[in-house]
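The next block is model-v3.cif, given as mmCIF, N, CA, C and O atoms.
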data_final
#
loop_
_atom_site.label_atom_id
_atom_site.label_comp_id
_atom_site.auth_asym_id
_atom_site.auth_seq_id
_atom_site.Cartn_x
_atom_site.Cartn_y
_atom_site.Cartn_z
N LEU A 1 -5.32 8.39 13.30
CA LEU A 1 -4.47 7.23 13.11
C LEU A 1 -4.82 6.18 14.15
O LEU A 1 -5.12 6.51 15.28
N LYS A 2 -4.77 4.92 13.73
CA LYS A 2 -4.93 3.84 14.69
C LYS A 2 -4.19 2.61 14.16
O LYS A 2 -3.93 2.50 12.96
N ALA A 3 -3.85 1.74 15.08
CA ALA A 3 -3.12 0.52 14.71
C ALA A 3 -4.02 -0.41 13.91
O ALA A 3 -5.21 -0.51 14.16
N ALA A 4 -3.41 -1.06 12.92
CA ALA A 4 -4.09 -2.10 12.14
C ALA A 4 -3.39 -3.42 12.44
O ALA A 4 -2.31 -3.44 13.04
N ALA A 5 -4.01 -4.49 12.03
CA ALA A 5 -3.38 -5.80 12.23
C ALA A 5 -2.07 -5.87 11.45
O ALA A 5 -2.00 -5.41 10.31
N ASP A 6 -1.05 -6.41 12.09
CA ASP A 6 0.22 -6.62 11.40
C ASP A 6 0.01 -7.70 10.35
O ASP A 6 -0.93 -8.49 10.41
N GLY A 7 0.89 -7.74 9.37
CA GLY A 7 0.78 -8.74 8.32
C GLY A 7 2.12 -8.98 7.66
O GLY A 7 3.15 -8.46 8.11
N ASP A 8 2.10 -9.77 6.62
CA ASP A 8 3.30 -10.02 5.82
C ASP A 8 3.10 -9.39 4.46
O ASP A 8 2.03 -9.48 3.87
N VAL A 9 4.15 -8.75 3.96
CA VAL A 9 4.15 -8.20 2.61
C VAL A 9 5.36 -8.77 1.91
O VAL A 9 6.49 -8.57 2.35
N ASP A 10 5.13 -9.50 0.85
CA ASP A 10 6.21 -10.18 0.12
C ASP A 10 7.05 -11.05 1.05
O ASP A 10 8.28 -11.08 0.95
N GLY A 11 6.38 -11.72 2.00
CA GLY A 11 7.06 -12.64 2.89
C GLY A 11 7.82 -12.00 4.03
O GLY A 11 8.53 -12.68 4.77
N LYS A 12 7.68 -10.69 4.22
CA LYS A 12 8.37 -9.99 5.31
C LYS A 12 7.34 -9.40 6.26
O LYS A 12 6.31 -8.89 5.82
N PRO A 13 7.63 -9.42 7.57
CA PRO A 13 6.68 -8.86 8.53
C PRO A 13 6.52 -7.35 8.37
O PRO A 13 7.50 -6.63 8.12
N ALA A 14 5.27 -6.88 8.49
CA ALA A 14 4.98 -5.46 8.34
C ALA A 14 4.01 -5.01 9.43
O ALA A 14 3.19 -5.78 9.91
N VAL A 15 4.11 -3.75 9.80
CA VAL A 15 3.26 -3.11 10.80
C VAL A 15 2.22 -2.28 10.06
O VAL A 15 2.57 -1.52 9.16
N GLY A 16 0.95 -2.39 10.45
CA GLY A 16 -0.12 -1.65 9.79
C GLY A 16 -0.63 -0.47 10.59
O GLY A 16 -0.71 -0.53 11.81
N VAL A 17 -0.98 0.60 9.87
CA VAL A 17 -1.55 1.81 10.46
C VAL A 17 -2.72 2.25 9.59
O VAL A 17 -2.58 2.37 8.37
N VAL A 18 -3.89 2.48 10.21
CA VAL A 18 -5.06 2.96 9.48
C VAL A 18 -5.10 4.48 9.57
O VAL A 18 -5.01 5.05 10.66
N VAL A 19 -5.23 5.13 8.42
CA VAL A 19 -5.33 6.59 8.36
C VAL A 19 -6.78 6.92 7.99
O VAL A 19 -7.28 6.48 6.96
N SER A 20 -7.42 7.70 8.85
CA SER A 20 -8.83 8.09 8.62
C SER A 20 -8.92 9.60 8.53
O SER A 20 -8.19 10.33 9.21
N SER A 21 -9.85 10.06 7.68
CA SER A 21 -10.08 11.49 7.53
C SER A 21 -11.57 11.69 7.19
O SER A 21 -12.17 10.87 6.50
N LYS A 22 -12.13 12.78 7.68
CA LYS A 22 -13.54 13.07 7.44
C LYS A 22 -13.81 13.13 5.94
O LYS A 22 -13.03 13.73 5.18
N ASP A 23 -14.90 12.51 5.51
CA ASP A 23 -15.34 12.51 4.12
C ASP A 23 -14.39 11.80 3.16
O ASP A 23 -14.43 12.03 1.96
N ARG A 24 -13.49 10.97 3.68
CA ARG A 24 -12.56 10.19 2.85
C ARG A 24 -12.61 8.74 3.29
O ARG A 24 -12.91 8.44 4.44
N LYS A 25 -12.28 7.84 2.38
CA LYS A 25 -12.19 6.42 2.73
C LYS A 25 -10.89 6.17 3.46
O LYS A 25 -9.87 6.84 3.21
N ASP A 26 -10.93 5.22 4.39
CA ASP A 26 -9.73 4.87 5.15
C ASP A 26 -8.66 4.28 4.24
O ASP A 26 -8.97 3.62 3.24
N VAL A 27 -7.41 4.52 4.58
CA VAL A 27 -6.26 3.93 3.90
C VAL A 27 -5.44 3.23 4.97
O VAL A 27 -5.19 3.78 6.04
N THR A 28 -5.03 2.00 4.70
CA THR A 28 -4.15 1.28 5.62
C THR A 28 -2.75 1.24 5.02
O THR A 28 -2.57 0.83 3.86
N LEU A 29 -1.78 1.72 5.79
CA LEU A 29 -0.38 1.73 5.36
C LEU A 29 0.36 0.64 6.10
O LEU A 29 0.16 0.45 7.30
N TYR A 30 1.22 -0.07 5.39
CA TYR A 30 2.03 -1.13 6.00
C TYR A 30 3.50 -0.78 5.83
O TYR A 30 3.94 -0.45 4.72
N PHE A 31 4.22 -0.84 6.95
CA PHE A 31 5.64 -0.51 6.96
C PHE A 31 6.46 -1.75 7.30
O PHE A 31 6.11 -2.49 8.23
N ASP A 32 7.54 -1.97 6.55
CA ASP A 32 8.43 -3.09 6.81
C ASP A 32 8.99 -2.96 8.22
O ASP A 32 9.49 -1.90 8.60
N LYS A 33 8.89 -4.03 9.02
CA LYS A 33 9.35 -3.98 10.42
C LYS A 33 10.85 -3.75 10.52
O LYS A 33 11.31 -3.07 11.44
N ALA A 34 11.63 -4.29 9.60
CA ALA A 34 13.09 -4.17 9.68
C ALA A 34 13.59 -2.80 9.22
O ALA A 34 14.42 -2.18 9.88
N SER A 35 13.07 -2.32 8.09
CA SER A 35 13.59 -1.08 7.50
C SER A 35 12.76 0.15 7.83
O SER A 35 13.25 1.28 7.73
N GLY A 36 11.48 -0.04 8.17
CA GLY A 36 10.59 1.09 8.42
C GLY A 36 10.05 1.72 7.14
O GLY A 36 9.31 2.71 7.20
N LEU A 37 10.37 1.14 5.98
CA LEU A 37 9.92 1.70 4.71
C LEU A 37 8.48 1.28 4.41
O LEU A 37 8.05 0.18 4.75
N LEU A 38 7.74 2.16 3.73
CA LEU A 38 6.37 1.87 3.31
C LEU A 38 6.41 0.79 2.24
O LEU A 38 7.08 0.95 1.22
N VAL A 39 5.69 -0.32 2.46
CA VAL A 39 5.72 -1.43 1.51
C VAL A 39 4.34 -1.74 0.91
O VAL A 39 4.25 -2.46 -0.09
N LYS A 40 3.27 -1.18 1.51
CA LYS A 40 1.95 -1.49 0.98
C LYS A 40 0.94 -0.43 1.41
O LYS A 40 0.99 0.06 2.53
N LEU A 41 0.02 -0.10 0.50
CA LEU A 41 -1.13 0.74 0.79
C LEU A 41 -2.36 -0.07 0.43
O LEU A 41 -2.38 -0.74 -0.60
N SER A 42 -3.40 0.00 1.24
CA SER A 42 -4.61 -0.77 1.00
C SER A 42 -5.81 0.14 1.25
O SER A 42 -5.87 0.83 2.26
N ARG A 43 -6.76 0.14 0.30
CA ARG A 43 -7.94 1.00 0.43
C ARG A 43 -9.06 0.47 -0.45
O ARG A 43 -8.83 -0.33 -1.36
N GLN A 44 -10.26 0.95 -0.21
CA GLN A 44 -11.39 0.62 -1.07
C GLN A 44 -11.33 1.52 -2.29
O GLN A 44 -11.19 2.73 -2.17
N GLY A 45 -11.43 0.92 -3.48
CA GLY A 45 -11.43 1.67 -4.72
C GLY A 45 -12.63 1.27 -5.56
O GLY A 45 -13.51 0.54 -5.09
N ARG A 46 -12.67 1.73 -6.80
CA ARG A 46 -13.77 1.40 -7.70
C ARG A 46 -13.18 0.77 -8.96
O ARG A 46 -12.16 1.20 -9.47
N ASP A 47 -13.87 -0.25 -9.45
CA ASP A 47 -13.48 -0.91 -10.68
C ASP A 47 -14.76 -1.37 -11.37
O ASP A 47 -15.56 -2.10 -10.78
N ASP A 48 -14.97 -0.91 -12.58
CA ASP A 48 -16.20 -1.23 -13.33
C ASP A 48 -17.46 -0.91 -12.52
O ASP A 48 -18.43 -1.67 -12.51
N GLY A 49 -17.42 0.21 -11.80
CA GLY A 49 -18.58 0.66 -11.04
C GLY A 49 -18.82 -0.05 -9.73
O GLY A 49 -19.82 0.18 -9.07
N LYS A 50 -17.91 -0.95 -9.33
CA LYS A 50 -18.07 -1.70 -8.09
C LYS A 50 -16.96 -1.33 -7.11
O LYS A 50 -15.83 -1.04 -7.50
N ASP A 51 -17.30 -1.36 -5.80
CA ASP A 51 -16.28 -1.16 -4.77
C ASP A 51 -15.41 -2.41 -4.69
O ASP A 51 -15.94 -3.53 -4.61
N VAL A 52 -14.10 -2.23 -4.75
CA VAL A 52 -13.16 -3.35 -4.65
C VAL A 52 -11.98 -2.93 -3.77
O VAL A 52 -11.71 -1.74 -3.60
N LEU A 53 -11.30 -3.91 -3.21
CA LEU A 53 -10.09 -3.65 -2.45
C LEU A 53 -8.96 -3.38 -3.43
O LEU A 53 -8.70 -4.16 -4.33
N GLU A 54 -8.32 -2.23 -3.28
CA GLU A 54 -7.18 -1.85 -4.12
C GLU A 54 -5.93 -1.83 -3.25
O GLU A 54 -5.93 -1.22 -2.18
N GLU A 55 -4.89 -2.50 -3.71
CA GLU A 55 -3.63 -2.56 -2.96
C GLU A 55 -2.48 -2.13 -3.85
O GLU A 55 -2.45 -2.49 -5.03
N GLN A 56 -1.57 -1.38 -3.29
CA GLN A 56 -0.34 -1.00 -3.97
C GLN A 56 0.81 -1.59 -3.17
O GLN A 56 0.95 -1.30 -1.98
N ILE A 57 1.62 -2.42 -3.82
CA ILE A 57 2.79 -3.02 -3.19
C ILE A 57 4.01 -2.28 -3.70
O ILE A 57 4.21 -2.17 -4.92
N LEU A 58 4.81 -1.75 -2.79
CA LEU A 58 6.00 -0.98 -3.16
C LEU A 58 7.25 -1.77 -2.81
O LEU A 58 7.29 -2.46 -1.79
N GLY A 59 8.29 -1.65 -3.63
CA GLY A 59 9.52 -2.38 -3.35
C GLY A 59 10.68 -1.87 -4.17
O GLY A 59 10.60 -0.82 -4.82
N ASP A 60 11.76 -2.63 -4.15
CA ASP A 60 13.00 -2.29 -4.85
C ASP A 60 13.44 -0.86 -4.52
O ASP A 60 13.67 -0.04 -5.41
N TYR A 61 13.54 -0.57 -3.23
CA TYR A 61 13.93 0.76 -2.79
C TYR A 61 15.39 1.04 -3.13
O TYR A 61 16.26 0.17 -2.96
N LYS A 62 15.65 2.24 -3.61
CA LYS A 62 17.00 2.70 -3.92
C LYS A 62 17.12 4.16 -3.48
O LYS A 62 16.14 4.90 -3.50
N ALA A 63 18.33 4.55 -3.13
CA ALA A 63 18.57 5.93 -2.71
C ALA A 63 18.57 6.85 -3.93
O ALA A 63 19.23 6.59 -4.92
N VAL A 64 17.78 7.93 -3.83
CA VAL A 64 17.75 8.97 -4.85
C VAL A 64 18.01 10.28 -4.12
O VAL A 64 17.20 10.69 -3.29
N ASP A 65 19.14 10.88 -4.39
CA ASP A 65 19.54 12.10 -3.69
C ASP A 65 19.48 11.91 -2.17
O ASP A 65 19.02 12.78 -1.44
N GLY A 66 19.87 10.72 -1.72
CA GLY A 66 19.93 10.43 -0.29
C GLY A 66 18.62 10.00 0.34
O GLY A 66 18.55 9.78 1.54
N VAL A 67 17.55 9.89 -0.46
CA VAL A 67 16.23 9.49 0.05
C VAL A 67 15.87 8.14 -0.56
O VAL A 67 15.95 7.96 -1.78
N GLN A 68 15.42 7.20 0.28
CA GLN A 68 15.00 5.89 -0.21
C GLN A 68 13.67 6.02 -0.96
O GLN A 68 12.68 6.49 -0.39
N MET A 69 13.65 5.61 -2.24
CA MET A 69 12.46 5.71 -3.08
C MET A 69 12.15 4.34 -3.68
O MET A 69 13.06 3.64 -4.11
N PRO A 70 10.85 3.97 -3.76
CA PRO A 70 10.51 2.68 -4.37
C PRO A 70 10.67 2.78 -5.89
O PRO A 70 10.32 3.78 -6.51
N HIS A 71 11.22 1.72 -6.49
CA HIS A 71 11.39 1.66 -7.93
C HIS A 71 10.53 0.57 -8.56
O HIS A 71 10.63 0.29 -9.75
N LYS A 72 9.67 -0.04 -7.74
CA LYS A 72 8.73 -1.03 -8.24
C LYS A 72 7.40 -0.83 -7.53
O LYS A 72 7.36 -0.64 -6.32
N GLU A 73 6.33 -0.87 -8.31
CA GLU A 73 4.99 -0.75 -7.76
C GLU A 73 4.09 -1.76 -8.47
O GLU A 73 4.08 -1.83 -9.69
N THR A 74 3.37 -2.53 -7.69
CA THR A 74 2.39 -3.47 -8.22
C THR A 74 1.03 -3.08 -7.68
O THR A 74 0.88 -2.89 -6.47
N VAL A 75 0.04 -2.95 -8.56
CA VAL A 75 -1.31 -2.59 -8.16
C VAL A 75 -2.21 -3.80 -8.33
O VAL A 75 -2.24 -4.42 -9.39
N LEU A 76 -2.90 -4.14 -7.24
CA LEU A 76 -3.87 -5.24 -7.25
C LEU A 76 -5.27 -4.66 -7.04
O LEU A 76 -5.46 -3.80 -6.18
N LYS A 77 -6.23 -5.14 -7.83
CA LYS A 77 -7.62 -4.77 -7.62
C LYS A 77 -8.38 -6.06 -7.40
O LYS A 77 -8.34 -6.96 -8.25
N ALA A 78 -9.05 -6.16 -6.27
CA ALA A 78 -9.79 -7.36 -5.88
C ALA A 78 -8.90 -8.59 -5.96
O ALA A 78 -9.33 -9.66 -6.37
N GLY A 79 -7.61 -8.44 -5.58
CA GLY A 79 -6.68 -9.55 -5.54
C GLY A 79 -6.06 -9.92 -6.87
O GLY A 79 -5.22 -10.82 -6.93
N THR A 80 -6.42 -9.22 -7.96
CA THR A 80 -5.88 -9.51 -9.28
C THR A 80 -4.91 -8.41 -9.70
O THR A 80 -5.23 -7.23 -9.56
N LYS A 81 -3.74 -8.83 -10.20
CA LYS A 81 -2.74 -7.84 -10.62
C LYS A 81 -3.33 -7.00 -11.75
O LYS A 81 -3.80 -7.50 -12.75
N ASN A 82 -3.29 -5.68 -11.55
CA ASN A 82 -3.86 -4.73 -12.50
C ASN A 82 -2.76 -4.04 -13.28
O ASN A 82 -2.94 -3.74 -14.46
N GLN A 83 -1.65 -3.74 -12.61
CA GLN A 83 -0.53 -3.10 -13.30
C GLN A 83 0.73 -3.30 -12.49
O GLN A 83 0.69 -3.55 -11.30
N GLU A 84 1.88 -3.20 -13.16
CA GLU A 84 3.17 -3.31 -12.48
C GLU A 84 4.12 -2.32 -13.11
O GLU A 84 4.09 -2.10 -14.29
#
Would you mind writing the file out in structure tokens?
Amino acid sequence: LKAAADGDVDGKPAVGVVVSSKDRKDVTLYFDKASGLLVKLSRQGRDDGKDVLEEQILGDYKAVDGVQMPHKETVLKAGTKNQE
């Protein structure tokens, strides 16, 4: 684990952490500074045979059996919305 540059996710400040593992691509996790909830994952993915930046934006957290769970997910590939 190592610190990543802080950023904004949906207009809110977030703290970044890079997760590295042998033989795996790095994943950067962003946590909302106010709530501590995971709001974004960023990693290199593949699309049409090419390496592209893939991002998952998480939001609309609600309690499920006492645990905060995201109820909205937006996937971006190379900056373009791929699914919601």
Write out as number ranges by chain the set of residues from chain A that DSSP, computed on the backbone, places in strand (DSSP E or B). A: 2-9, 12-19, 27-32, 38-47, 50-64, 67-77, 80-83
Between atom O of A:Lys33 and atom C of A:Asp6 - distance in Å to one decimal: 12.3 Å
Closest to A:Gln44 among A:Thr28, A:Leu58, A:Ser20, A:Gly7, using all atoms listed in the file? A:Thr28
Quick one: of A:Pro70, A:Asp26, A:Ala63, A:Val17, who's nearest to A:Gly45, counting only N, CA, C and O atoms?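 Among the listed residues, A:Asp26 lies closest to A:Gly45.
When atom C of A:Leu1 is paired with atom O of A:Ala34, their separation reads 21.4 Å.
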Record the distance separating atom C of A:Lys12 and atom CA of A:Tyr30, expressed in Å with one decimal. 9.8 Å
Give me the residues near A:Leu76 as a PyMOL selection string, where near means some atom within 4.5 Å (using all atoms listed in the file) and where sequence neighbours in that chain fewer than 2 positions away do not count. chain A and resi 53-55+74+78+80-82
Report the residues retrieved by the PyMOL selection byres (((chain A and resi 13 and name CA) around 12) and name CA) from the displayed file, expressed as a list in words.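 Residues picked by the PyMOL selection byres (((chain A and resi 13 and name CA) around 12) and name CA): Ala5, Asp6, Gly7, Asp8, Val9, Asp10, Gly11, Lys12, Ala14, Val15, Gly16, Tyr30, Phe31, Asp32, Lys33, Ala34, Ser35, Gly36, Leu37, Leu38, Val39 and Lys40 of chain A.
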Centre and edge lengths of an axis-aligned box around all listed atoms of stretch 34-52 of chain A, with 5 Å added on each side, are to be given in Å to one decimal, as lines of an AutoDock Vina configuration file.
center_x = -2.7
center_y = -0.8
center_z = -1.7
size_x = 44.2
size_y = 17.0
size_z = 33.2
Using only C-alpha atoms, which of A:Arg43, A:His71, A:Arg24, A:Lys2 sits nearest A:Gln56? A:Arg43
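The smallest atom-to-atom distance between A:Gln83 and any of A:Ile57, A:Asp23, A:Ser42, A:Ala3, using only N, CA, C and O atoms, is found for A:Ile57.
Among the candidates A:Lys77, A:Lys62, A:Val27, A:Lys72, the residue lying nearest to A:Arg46 is A:Lys77 (atoms considered: only N, CA, C and O atoms).
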Return the single residue from A:Val52, A:Ala4, A:Val75, A:Met69 that is closest to A:Val19, with distances computed using only C-alpha atoms.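 When distances to A:Val19 are compared using only C-alpha atoms, the smallest one comes from A:Ala4.
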